[in-house]
file upload.tsv (TSV, C-alpha atoms and all ligand atoms)
chain	number	residue	atom	x	y	z
A	1	GLN	CA	170.49	-131.52	-21.36
A	2	TYR	CA	174.09	-130.44	-21.01
A	3	GLY	CA	177.32	-132.37	-21.36
A	4	TYR	CA	178.55	-130.90	-18.11
A	5	THR	CA	177.72	-127.93	-15.94
A	6	LEU	CA	180.49	-125.70	-14.63
A	7	PRO	CA	180.43	-124.56	-10.99
A	8	GLY	CA	178.29	-121.44	-10.73
A	9	TRP	CA	178.78	-118.16	-8.85
A	10	ARG	CA	178.53	-118.59	-5.10
A	11	ARG	CA	177.37	-114.96	-4.68
A	12	HIS	CA	174.00	-114.16	-6.25
A	13	ASN	CA	174.29	-110.38	-6.34
A	14	LEU	CA	176.72	-109.86	-9.20
A	15	THR	CA	178.05	-106.65	-10.75
A	16	TYR	CA	178.76	-105.88	-14.40
A	17	ARG	CA	180.57	-103.09	-16.21
A	18	ILE	CA	180.46	-102.14	-19.87
A	19	VAL	CA	184.12	-101.20	-20.34
A	20	ASN	CA	183.74	-99.83	-23.89
A	21	TYR	CA	181.01	-99.38	-26.51
A	22	THR	CA	180.65	-100.42	-30.14
A	23	PRO	CA	180.28	-97.56	-32.64
A	24	ASP	CA	177.61	-99.67	-34.40
A	25	MET	CA	174.90	-98.75	-31.90
A	26	SER	CA	173.97	-95.90	-29.56
A	27	ARG	CA	175.19	-96.21	-25.99
A	28	ALA	CA	171.60	-96.40	-24.79
A	29	ASP	CA	170.91	-99.31	-27.16
A	30	VAL	CA	174.03	-101.15	-25.99
A	31	ASP	CA	173.10	-100.58	-22.33
A	32	GLU	CA	169.60	-101.91	-23.04
A	33	ALA	CA	170.77	-104.97	-25.01
A	34	ILE	CA	173.19	-105.90	-22.21
A	35	ARG	CA	170.62	-105.28	-19.46
A	36	ASN	CA	168.05	-107.40	-21.32
A	37	GLY	CA	170.63	-110.11	-21.98
A	38	LEU	CA	171.27	-110.39	-18.23
A	39	GLU	CA	167.58	-110.09	-17.35
A	40	VAL	CA	166.85	-113.23	-19.42
A	41	TRP	CA	168.76	-115.16	-16.78
A	42	SER	CA	167.89	-113.17	-13.66
A	43	ARG	CA	164.21	-113.84	-14.38
A	44	VAL	CA	164.72	-117.60	-13.85
A	45	THR	CA	167.38	-117.59	-11.09
A	46	PRO	CA	168.01	-115.87	-7.74
A	47	LEU	CA	170.76	-113.85	-9.48
A	48	THR	CA	170.73	-110.04	-9.53
A	49	PHE	CA	172.96	-107.83	-11.72
A	50	THR	CA	174.07	-104.34	-10.73
A	51	LYS	CA	175.72	-102.05	-13.30
A	52	THR	CA	178.91	-100.25	-12.22
A	53	SER	CA	180.73	-97.67	-14.32
A	54	ARG	CA	184.18	-97.94	-12.75
A	55	GLY	CA	186.55	-100.37	-11.08
A	56	ILE	CA	186.42	-104.14	-11.36
A	57	ALA	CA	183.02	-105.80	-11.76
A	58	ASP	CA	182.30	-109.54	-11.71
A	59	ILE	CA	181.29	-109.45	-15.38
A	60	MET	CA	183.53	-107.08	-17.37
A	61	ILE	CA	181.98	-106.54	-20.81
A	62	ALA	CA	184.08	-105.22	-23.72
A	63	PHE	CA	184.14	-104.98	-27.51
A	64	ARG	CA	187.51	-106.24	-28.78
A	65	THR	CA	189.16	-107.47	-32.00
A	66	ARG	CA	191.79	-110.11	-32.86
A	67	VAL	CA	194.43	-110.47	-30.11
A	68	HIS	CA	193.29	-108.32	-27.17
A	69	GLY	CA	194.82	-107.54	-23.80
A	70	ARG	CA	195.73	-110.53	-21.68
A	71	CYS	CA	192.73	-112.49	-22.97
A	72	PRO	CA	193.75	-116.06	-23.85
A	73	ARG	CA	191.17	-116.24	-26.66
A	74	TYR	CA	191.35	-114.23	-29.87
A	75	PHE	CA	188.78	-112.97	-32.35
A	76	ASP	CA	188.81	-113.74	-36.04
A	77	GLY	CA	187.62	-110.65	-37.90
A	78	PRO	CA	184.16	-110.35	-39.46
A	79	LEU	CA	181.81	-113.40	-39.02
A	80	GLY	CA	183.02	-116.67	-37.53
A	81	VAL	CA	183.18	-116.25	-33.76
A	82	LEU	CA	181.00	-113.41	-32.49
A	83	GLY	CA	181.89	-113.39	-28.84
A	84	HIS	CA	183.27	-115.36	-25.93
A	85	ALA	CA	182.68	-115.46	-22.19
A	86	PHE	CA	184.61	-117.02	-19.32
A	87	PRO	CA	182.92	-119.33	-16.79
A	88	PRO	CA	182.28	-118.08	-13.23
A	89	GLY	CA	185.36	-117.29	-11.16
A	90	LEU	CA	187.76	-114.56	-10.12
A	91	GLY	CA	189.69	-112.36	-12.56
A	92	LEU	CA	188.71	-113.25	-16.13
A	93	GLY	CA	185.84	-115.37	-14.77
A	94	GLY	CA	182.51	-114.09	-16.06
A	95	ASP	CA	184.14	-111.60	-18.40
A	96	THR	CA	182.39	-111.35	-21.76
A	97	HIS	CA	183.93	-110.01	-24.96
A	98	PHE	CA	182.20	-109.22	-28.25
A	99	ASP	CA	184.01	-109.17	-31.59
A	100	GLU	CA	184.03	-105.52	-32.69
A	101	ASP	CA	184.60	-106.66	-36.30
A	102	GLU	CA	180.91	-107.70	-36.40
A	103	ASN	CA	178.03	-105.38	-37.25
A	104	TRP	CA	176.14	-105.14	-33.95
A	105	THR	CA	172.50	-104.14	-34.14
A	106	LYS	CA	169.35	-103.95	-32.04
A	107	ASP	CA	167.19	-105.37	-34.84
A	108	GLY	CA	167.45	-108.23	-37.35
A	109	ALA	CA	170.32	-106.78	-39.41
A	110	GLY	CA	173.92	-107.83	-38.72
A	111	PHE	CA	174.09	-109.66	-35.39
A	112	ASN	CA	171.59	-108.87	-32.70
A	113	LEU	CA	173.62	-107.82	-29.66
A	114	PHE	CA	170.90	-108.78	-27.19
A	115	LEU	CA	170.73	-112.38	-28.49
A	116	VAL	CA	174.49	-112.92	-28.63
A	117	ALA	CA	174.85	-111.31	-25.18
A	118	ALA	CA	172.15	-113.54	-23.70
A	119	HIS	CA	173.98	-116.58	-25.11
A	120	GLU	CA	177.39	-115.44	-23.85
A	121	PHE	CA	176.01	-114.59	-20.41
A	122	GLY	CA	174.76	-118.19	-20.23
A	123	HIS	CA	178.44	-119.19	-20.39
A	124	ALA	CA	179.43	-116.45	-17.92
A	125	LEU	CA	176.96	-117.99	-15.46
A	126	GLY	CA	178.27	-121.54	-15.91
A	127	LEU	CA	176.31	-123.10	-18.79
A	128	SER	CA	177.97	-125.05	-21.59
A	129	HIS	CA	176.42	-125.55	-25.02
A	130	SER	CA	173.14	-127.38	-25.45
A	131	ASN	CA	172.36	-129.80	-28.28
A	132	ASP	CA	168.74	-128.70	-28.24
A	133	GLN	CA	168.47	-126.56	-31.35
A	134	THR	CA	165.67	-124.47	-29.84
A	135	ALA	CA	167.93	-123.57	-26.90
A	136	LEU	CA	169.59	-120.19	-26.44
A	137	MET	CA	172.74	-122.16	-25.56
A	138	PHE	CA	172.75	-123.95	-28.92
A	139	PRO	CA	176.20	-123.46	-30.49
A	140	ASN	CA	174.98	-121.86	-33.70
A	141	TYR	CA	173.59	-118.35	-34.04
A	142	VAL	CA	169.92	-118.44	-34.95
A	143	SER	CA	168.44	-115.01	-35.47
A	144	LEU	CA	165.52	-115.62	-33.14
A	145	ASP	CA	162.92	-112.89	-32.95
A	146	PRO	CA	164.62	-110.75	-30.28
A	147	ASN	CA	161.20	-109.86	-28.91
A	148	LYS	CA	160.33	-113.53	-28.49
A	149	TYR	CA	161.34	-114.98	-25.17
A	150	PRO	CA	164.67	-116.63	-26.14
A	151	LEU	CA	164.99	-119.18	-23.32
A	152	SER	CA	163.94	-122.77	-23.99
A	153	GLN	CA	163.00	-125.26	-21.28
A	154	ASP	CA	166.44	-126.79	-21.80
A	155	ASP	CA	168.10	-123.49	-20.87
A	156	ILE	CA	165.89	-123.04	-17.84
A	157	SER	CA	166.52	-126.54	-16.47
A	158	GLY	CA	170.23	-126.05	-17.17
A	159	ILE	CA	170.55	-122.77	-15.28
A	160	GLN	CA	168.30	-123.93	-12.46
A	161	SER	CA	170.46	-127.04	-12.03
A	162	ILE	CA	173.26	-124.64	-11.09
A	163	TYR	CA	171.37	-121.95	-9.14
A	164	GLY	CA	168.46	-123.98	-7.86
A	201	LIG	O1	182.04	-120.37	-26.46
A	201	LIG	C1	181.72	-120.03	-27.59
A	201	LIG	C2	182.49	-120.46	-28.75
A	201	LIG	C3	181.98	-120.06	-30.00
A	201	LIG	C4	180.89	-119.30	-30.17
A	201	LIG	N1	180.49	-119.01	-31.41
A	201	LIG	S1	179.77	-117.60	-31.77
A	201	LIG	O2	180.45	-116.56	-31.02
A	201	LIG	O3	179.78	-117.47	-33.19
A	201	LIG	C5	178.14	-117.67	-31.27
A	201	LIG	C6	177.38	-118.72	-31.69
A	201	LIG	C7	176.02	-118.77	-31.33
A	201	LIG	C8	175.46	-117.77	-30.58
A	201	LIG	C9	174.02	-117.80	-30.29
A	201	LIG	C10	173.35	-119.01	-30.22
A	201	LIG	C11	171.98	-119.05	-30.00
A	201	LIG	C12	171.26	-117.85	-29.86
A	201	LIG	C13	171.94	-116.64	-29.93
A	201	LIG	C14	173.31	-116.61	-30.16
A	201	LIG	C15	176.26	-116.71	-30.14
A	201	LIG	C16	177.60	-116.67	-30.47
A	201	LIG	C17	180.12	-118.79	-29.03
A	201	LIG	C18	180.58	-119.18	-27.74
A	201	LIG	O4	180.04	-118.77	-26.71
A	202	CA	CA	184.34	-112.68	-35.68
A	203	ZN	ZN	188.31	-112.10	-25.19
call {"tool": "encode", "arguments": {"input": "upload.tsv", "output": "C-alpha cells"}}
result
Amino acid sequence: QYGYTLPGWRRHNLTYRIVNYTPDMSRADVDEAIRNGLEVWSRVTPLTFTKTSRGIADIMIAFRTRVHGRCPRYFDGPLGVLGHAFPPGLGLGGDTHFDEDENWTKDGAGFNLFLVAAHEFGHALGLSHSNDQTALMFPNYVSLDPNKYPLSQDDISGIQSIYG
C-alpha cells in the first residue's frame, strides 16, 4: 500500500536512452541490467520500452556524481544515496541517475545495478516508496537474489493501480 501514487505516463510506448556508462561494468552488462530493470515493470503493465541511442528519450539514464548538470538533486559520494529518478512528465520526468561513486556490479558484490535500476524505474513510472519490506519499492536497499523475481504483490498492485 502506498502513501500516494503520482500520475503515470499517459503514453504506454516509452523510450529510454543510456546517456553514459559506468566503468565498473561492461557496456553489455549495463545494457542488460537496464533492460531487465525495465522488463520487471513491463511484464505487469501495458508499458513497452524502446531503447534509443541518440536524441531525447522519455527516460534518460546516466551515471553522475555530486552536483551534476541542471539536476536539482545531488549525489553524496560512495554509499548513502545510490540513485534517483524523477516521476513521469516532460523534461526531467522519468529521468534516472545512478551515483557513479558506487561500485556497480551484475552480481552480489557492490550494488547490483539491475536491482537499483528496477527500484528507480518504479519511481520513474510513478510509484512512491512502499512500507512493505518485501517490496522492491521499500526505501532500503536489500540485496535480493537478482535472479529471484524482485516484485512483491505490493509492487504489482501499486503499479497496476496506475496503469490498470
Ligand atoms: O527516491 C529515492 C531516495 C533515496 C533512495 N535511496 S537509495 O538510492 O540509497 C536506494 C535505496 C533502496 C533501493 C532499493 C530498494 C529495494 C530493492 C532494491 C533497491 C535503491 C536505492 C532511493 C530513491 O529512489
Ligand atoms: Ca552515493
Ligand atoms: Zn540526478
call {"tool": "residues_near_ligand", "arguments": {"input": "upload.tsv", "ligand": "ligand LIG 201 (chain A)", "cutoff": "9 Å", "atoms": "all atoms listed in the file", "output": "PDB file with C-alpha atoms, keeping the file's coordinate frame"}}
result
ATOM      1  CA  LEU A  79     181.810-113.400 -39.020  1.00  0.00           C
ATOM      2  CA  GLY A  80     183.020-116.670 -37.530  1.00  0.00           C
ATOM      3  CA  VAL A  81     183.180-116.250 -33.760  1.00  0.00           C
ATOM      4  CA  LEU A  82     181.000-113.410 -32.490  1.00  0.00           C
ATOM      5  CA  GLY A  83     181.890-113.390 -28.840  1.00  0.00           C
ATOM      6  CA  HIS A  84     183.270-115.360 -25.930  1.00  0.00           C
ATOM      7  CA  ALA A  85     182.680-115.460 -22.190  1.00  0.00           C
ATOM      8  CA  PHE A  86     184.610-117.020 -19.320  1.00  0.00           C
ATOM      9  CA  PHE A  98     182.200-109.220 -28.250  1.00  0.00           C
ATOM     10  CA  ASP A  99     184.010-109.170 -31.590  1.00  0.00           C
ATOM     11  CA  PHE A 111     174.090-109.660 -35.390  1.00  0.00           C
ATOM     12  CA  ASN A 112     171.590-108.870 -32.700  1.00  0.00           C
ATOM     13  CA  LEU A 113     173.620-107.820 -29.660  1.00  0.00           C
ATOM     14  CA  PHE A 114     170.900-108.780 -27.190  1.00  0.00           C
ATOM     15  CA  LEU A 115     170.730-112.380 -28.490  1.00  0.00           C
ATOM     16  CA  VAL A 116     174.490-112.920 -28.630  1.00  0.00           C
ATOM     17  CA  ALA A 117     174.850-111.310 -25.180  1.00  0.00           C
ATOM     18  CA  ALA A 118     172.150-113.540 -23.700  1.00  0.00           C
ATOM     19  CA  HIS A 119     173.980-116.580 -25.110  1.00  0.00           C
ATOM     20  CA  GLU A 120     177.390-115.440 -23.850  1.00  0.00           C
ATOM     21  CA  PHE A 121     176.010-114.590 -20.410  1.00  0.00           C
ATOM     22  CA  GLY A 122     174.760-118.190 -20.230  1.00  0.00           C
ATOM     23  CA  HIS A 123     178.440-119.190 -20.390  1.00  0.00           C
ATOM     24  CA  SER A 128     177.970-125.050 -21.590  1.00  0.00           C
ATOM     25  CA  HIS A 129     176.420-125.550 -25.020  1.00  0.00           C
ATOM     26  CA  GLN A 133     168.470-126.560 -31.350  1.00  0.00           C
ATOM     27  CA  THR A 134     165.670-124.470 -29.840  1.00  0.00           C
ATOM     28  CA  ALA A 135     167.930-123.570 -26.900  1.00  0.00           C
ATOM     29  CA  LEU A 136     169.590-120.190 -26.440  1.00  0.00           C
ATOM     30  CA  MET A 137     172.740-122.160 -25.560  1.00  0.00           C
ATOM     31  CA  PHE A 138     172.750-123.950 -28.920  1.00  0.00           C
ATOM     32  CA  PRO A 139     176.200-123.460 -30.490  1.00  0.00           C
ATOM     33  CA  ASN A 140     174.980-121.860 -33.700  1.00  0.00           C
ATOM     34  CA  TYR A 141     173.590-118.350 -34.040  1.00  0.00           C
ATOM     35  CA  VAL A 142     169.920-118.440 -34.950  1.00  0.00           C
ATOM     36  CA  SER A 143     168.440-115.010 -35.470  1.00  0.00           C
ATOM     37  CA  LEU A 144     165.520-115.620 -33.140  1.00  0.00           C
ATOM     38  CA  PRO A 150     164.670-116.630 -26.140  1.00  0.00           C
TER      39      PRO A 150
END
call {"tool": "atom_distance", "arguments": {"input": "upload.tsv", "atom1": "atom CA of A:Pro88", "atom2": "atom CA of A:Ile162"}}
result
11.4 Å
call {"tool": "residues_near_point", "arguments": {"input": "upload.tsv", "point": "(172.2, -100.4, -16.3)", "cutoff": "12 Å", "atoms": "all atoms listed in the file", "output": "CSV table (one decimal) with C-alpha atoms, in the coordinates of the input"}}
result
chain,number,residue,atom,x,y,z
A,15,THR,CA,178.0,-106.6,-10.8
A,16,TYR,CA,178.8,-105.9,-14.4
A,17,ARG,CA,180.6,-103.1,-16.2
A,18,ILE,CA,180.5,-102.1,-19.9
A,27,ARG,CA,175.2,-96.2,-26.0
A,28,ALA,CA,171.6,-96.4,-24.8
A,29,ASP,CA,170.9,-99.3,-27.2
A,30,VAL,CA,174.0,-101.2,-26.0
A,31,ASP,CA,173.1,-100.6,-22.3
A,32,GLU,CA,169.6,-101.9,-23.0
A,33,ALA,CA,170.8,-105.0,-25.0
A,34,ILE,CA,173.2,-105.9,-22.2
A,35,ARG,CA,170.6,-105.3,-19.5
A,36,ASN,CA,168.0,-107.4,-21.3
A,37,GLY,CA,170.6,-110.1,-22.0
A,38,LEU,CA,171.3,-110.4,-18.2
A,39,GLU,CA,167.6,-110.1,-17.4
A,48,THR,CA,170.7,-110.0,-9.5
A,49,PHE,CA,173.0,-107.8,-11.7
A,50,THR,CA,174.1,-104.3,-10.7
A,51,LYS,CA,175.7,-102.0,-13.3
A,52,THR,CA,178.9,-100.2,-12.2
A,53,SER,CA,180.7,-97.7,-14.3
call {"tool": "residues_near_ligand", "arguments": {"input": "upload.tsv", "ligand": "ligand ZN 203 (chain A)", "cutoff": "12 Å", "atoms": "all atoms listed in the file", "output": "number ranges by chain"}}
result
A: 60-76, 81-86, 92-100, 120
call {"tool": "closest_residue", "arguments": {"input": "upload.tsv", "among": "A:Gly89, A:Gly126, A:Gly8, A:Gly77", "to": "ligand CA 202 (chain A)", "atoms": "all atoms listed in the file"}}
result
A:Gly77
call {"tool": "closest_residue", "arguments": {"input": "upload.tsv", "among": "A:Pro87, A:Gly164, A:Gly110, A:Gly158", "to": "ligand CA 202 (chain A)", "atoms": "all atoms listed in the file"}}
result
A:Gly110
call {"tool": "closest_residue", "arguments": {"input": "upload.tsv", "among": "A:Leu14, A:Leu125, A:Val19, A:Ala109", "to": "A:Trp41", "atoms": "only C-alpha atoms"}}
result
A:Leu125
call {"tool": "closest_residue", "arguments": {"input": "upload.tsv", "among": "A:His12, A:Pro78, A:Val40, A:Ile59", "to": "ligand CA 202 (chain A)", "atoms": "all atoms listed in the file"}}
result
A:Pro78
call {"tool": "atom_distance", "arguments": {"input": "upload.tsv", "atom1": "atom CA of A:Thr105", "atom2": "atom CA of A:Ser130"}}
result
24.8 Å
call {"tool": "atom_distance", "arguments": {"input": "upload.tsv", "atom1": "atom CA of A:Tyr149", "atom2": "atom CA of A:Asp107"}}
result
14.8 Å
call {"tool": "closest_residue", "arguments": {"input": "upload.tsv", "among": "A:Asp101, A:Asp132, A:Gly91, A:Arg11", "to": "ligand CA 202 (chain A)", "atoms": "all atoms listed in the file"}}
result
A:Asp101
call {"tool": "closest_residue", "arguments": {"input": "upload.tsv", "among": "A:Ser161, A:Asn131, A:Asn103, A:Gln153", "to": "ligand CA 202 (chain A)", "atoms": "only C-alpha atoms and all ligand atoms"}}
result
A:Asn103
call {"tool": "decode", "arguments": {"input": "upload.tsv", "residues": "stretch 95-107 of chain A", "atoms": "all heavy atoms", "output": "short mmCIF file (atom, residue, chain, number, x, y, z; two decimals), in the first residue's frame"}}
result
data_model
loop_
_atom_site.label_atom_id
_atom_site.label_comp_id
_atom_site.auth_asym_id
_atom_site.auth_seq_id
_atom_site.Cartn_x
_atom_site.Cartn_y
_atom_site.Cartn_z
N ASP A 95 13.54 10.74 -15.91
CA ASP A 95 15.00 10.57 -15.97
C ASP A 95 15.51 9.88 -14.72
O ASP A 95 15.01 10.11 -13.62
CB ASP A 95 15.67 11.93 -16.16
CG ASP A 95 15.39 12.50 -17.56
OD1 ASP A 95 14.62 11.85 -18.31
OD2 ASP A 95 15.91 13.57 -17.89
N THR A 96 16.51 9.03 -14.90
CA THR A 96 17.04 8.20 -13.82
C THR A 96 18.55 8.33 -13.78
O THR A 96 19.21 8.13 -14.80
CB THR A 96 16.63 6.73 -14.08
OG1 THR A 96 15.19 6.66 -14.16
CG2 THR A 96 17.12 5.83 -12.95
N HIS A 97 19.08 8.72 -12.63
CA HIS A 97 20.52 8.89 -12.48
C HIS A 97 21.04 7.91 -11.45
O HIS A 97 20.39 7.65 -10.44
CB HIS A 97 20.85 10.32 -12.03
CG HIS A 97 20.42 11.35 -13.02
ND1 HIS A 97 20.16 12.66 -12.66
CD2 HIS A 97 20.16 11.27 -14.34
CE1 HIS A 97 19.78 13.33 -13.73
NE2 HIS A 97 19.77 12.51 -14.78
N PHE A 98 22.23 7.36 -11.71
CA PHE A 98 22.89 6.47 -10.75
C PHE A 98 24.17 7.14 -10.28
O PHE A 98 24.85 7.81 -11.07
CB PHE A 98 23.21 5.12 -11.42
CG PHE A 98 21.98 4.39 -11.88
CD1 PHE A 98 21.60 4.39 -13.21
CD2 PHE A 98 21.18 3.73 -10.95
CE1 PHE A 98 20.45 3.72 -13.62
CE2 PHE A 98 20.03 3.07 -11.36
CZ PHE A 98 19.66 3.07 -12.69
N ASP A 99 24.49 6.95 -8.99
CA ASP A 99 25.66 7.60 -8.40
C ASP A 99 26.92 6.84 -8.84
O ASP A 99 27.15 5.70 -8.44
CB ASP A 99 25.53 7.58 -6.87
CG ASP A 99 26.61 8.42 -6.20
OD1 ASP A 99 27.57 8.81 -6.88
OD2 ASP A 99 26.48 8.69 -4.98
N GLU A 100 27.73 7.48 -9.68
CA GLU A 100 28.93 6.82 -10.22
C GLU A 100 29.95 6.53 -9.12
O GLU A 100 30.86 5.72 -9.30
CB GLU A 100 29.56 7.67 -11.32
CG GLU A 100 30.77 7.03 -11.99
CD GLU A 100 30.52 5.59 -12.40
OE1 GLU A 100 29.82 5.38 -13.39
OE2 GLU A 100 30.98 4.69 -11.67
N ASP A 101 29.80 7.17 -7.94
CA ASP A 101 30.75 6.88 -6.86
C ASP A 101 30.48 5.54 -6.18
O ASP A 101 31.17 5.18 -5.23
CB ASP A 101 30.71 8.00 -5.80
CG ASP A 101 31.51 9.23 -6.26
OD1 ASP A 101 32.46 9.05 -7.05
OD2 ASP A 101 31.17 10.36 -5.86
N GLU A 102 29.45 4.81 -6.67
CA GLU A 102 29.20 3.46 -6.12
C GLU A 102 29.92 2.44 -6.99
O GLU A 102 30.26 2.71 -8.13
CB GLU A 102 27.69 3.14 -6.10
CG GLU A 102 26.80 4.23 -5.56
CD GLU A 102 27.17 4.65 -4.14
OE1 GLU A 102 27.92 3.92 -3.46
OE2 GLU A 102 26.74 5.74 -3.72
N ASN A 103 30.09 1.22 -6.43
CA ASN A 103 30.67 0.13 -7.21
C ASN A 103 29.51 -0.68 -7.79
O ASN A 103 28.86 -1.45 -7.08
CB ASN A 103 31.54 -0.74 -6.29
CG ASN A 103 32.00 -2.01 -7.01
OD1 ASN A 103 32.11 -2.00 -8.24
ND2 ASN A 103 32.23 -3.06 -6.27
N TRP A 104 29.24 -0.47 -9.09
CA TRP A 104 28.11 -1.12 -9.74
C TRP A 104 28.51 -2.50 -10.24
O TRP A 104 29.57 -2.65 -10.87
CB TRP A 104 27.59 -0.25 -10.87
CG TRP A 104 27.05 1.04 -10.37
CD1 TRP A 104 27.61 2.29 -10.49
CD2 TRP A 104 25.86 1.22 -9.61
NE1 TRP A 104 26.83 3.21 -9.85
CE2 TRP A 104 25.76 2.59 -9.29
CE3 TRP A 104 24.86 0.34 -9.13
CZ2 TRP A 104 24.69 3.12 -8.56
CZ3 TRP A 104 23.81 0.86 -8.40
CH2 TRP A 104 23.73 2.24 -8.11
N THR A 105 27.68 -3.50 -9.94
CA THR A 105 28.03 -4.86 -10.38
C THR A 105 26.81 -5.58 -10.93
O THR A 105 25.66 -5.12 -10.76
CB THR A 105 28.54 -5.70 -9.18
OG1 THR A 105 27.42 -5.92 -8.29
CG2 THR A 105 29.66 -5.02 -8.45
N LYS A 106 27.04 -6.70 -11.56
CA LYS A 106 25.95 -7.54 -12.05
C LYS A 106 25.73 -8.73 -11.11
O LYS A 106 24.85 -9.54 -11.32
CB LYS A 106 26.24 -8.04 -13.47
CG LYS A 106 27.46 -8.94 -13.59
CD LYS A 106 27.72 -9.38 -15.03
CE LYS A 106 26.80 -10.50 -15.43
NZ LYS A 106 27.22 -11.08 -16.74
N ASP A 107 26.55 -8.80 -10.03
CA ASP A 107 26.36 -9.93 -9.10
C ASP A 107 26.16 -9.36 -7.70
O ASP A 107 25.76 -8.23 -7.55
CB ASP A 107 27.58 -10.86 -9.16
CG ASP A 107 28.86 -10.04 -8.97
OD1 ASP A 107 28.81 -9.04 -8.20
OD2 ASP A 107 29.88 -10.35 -9.62
#
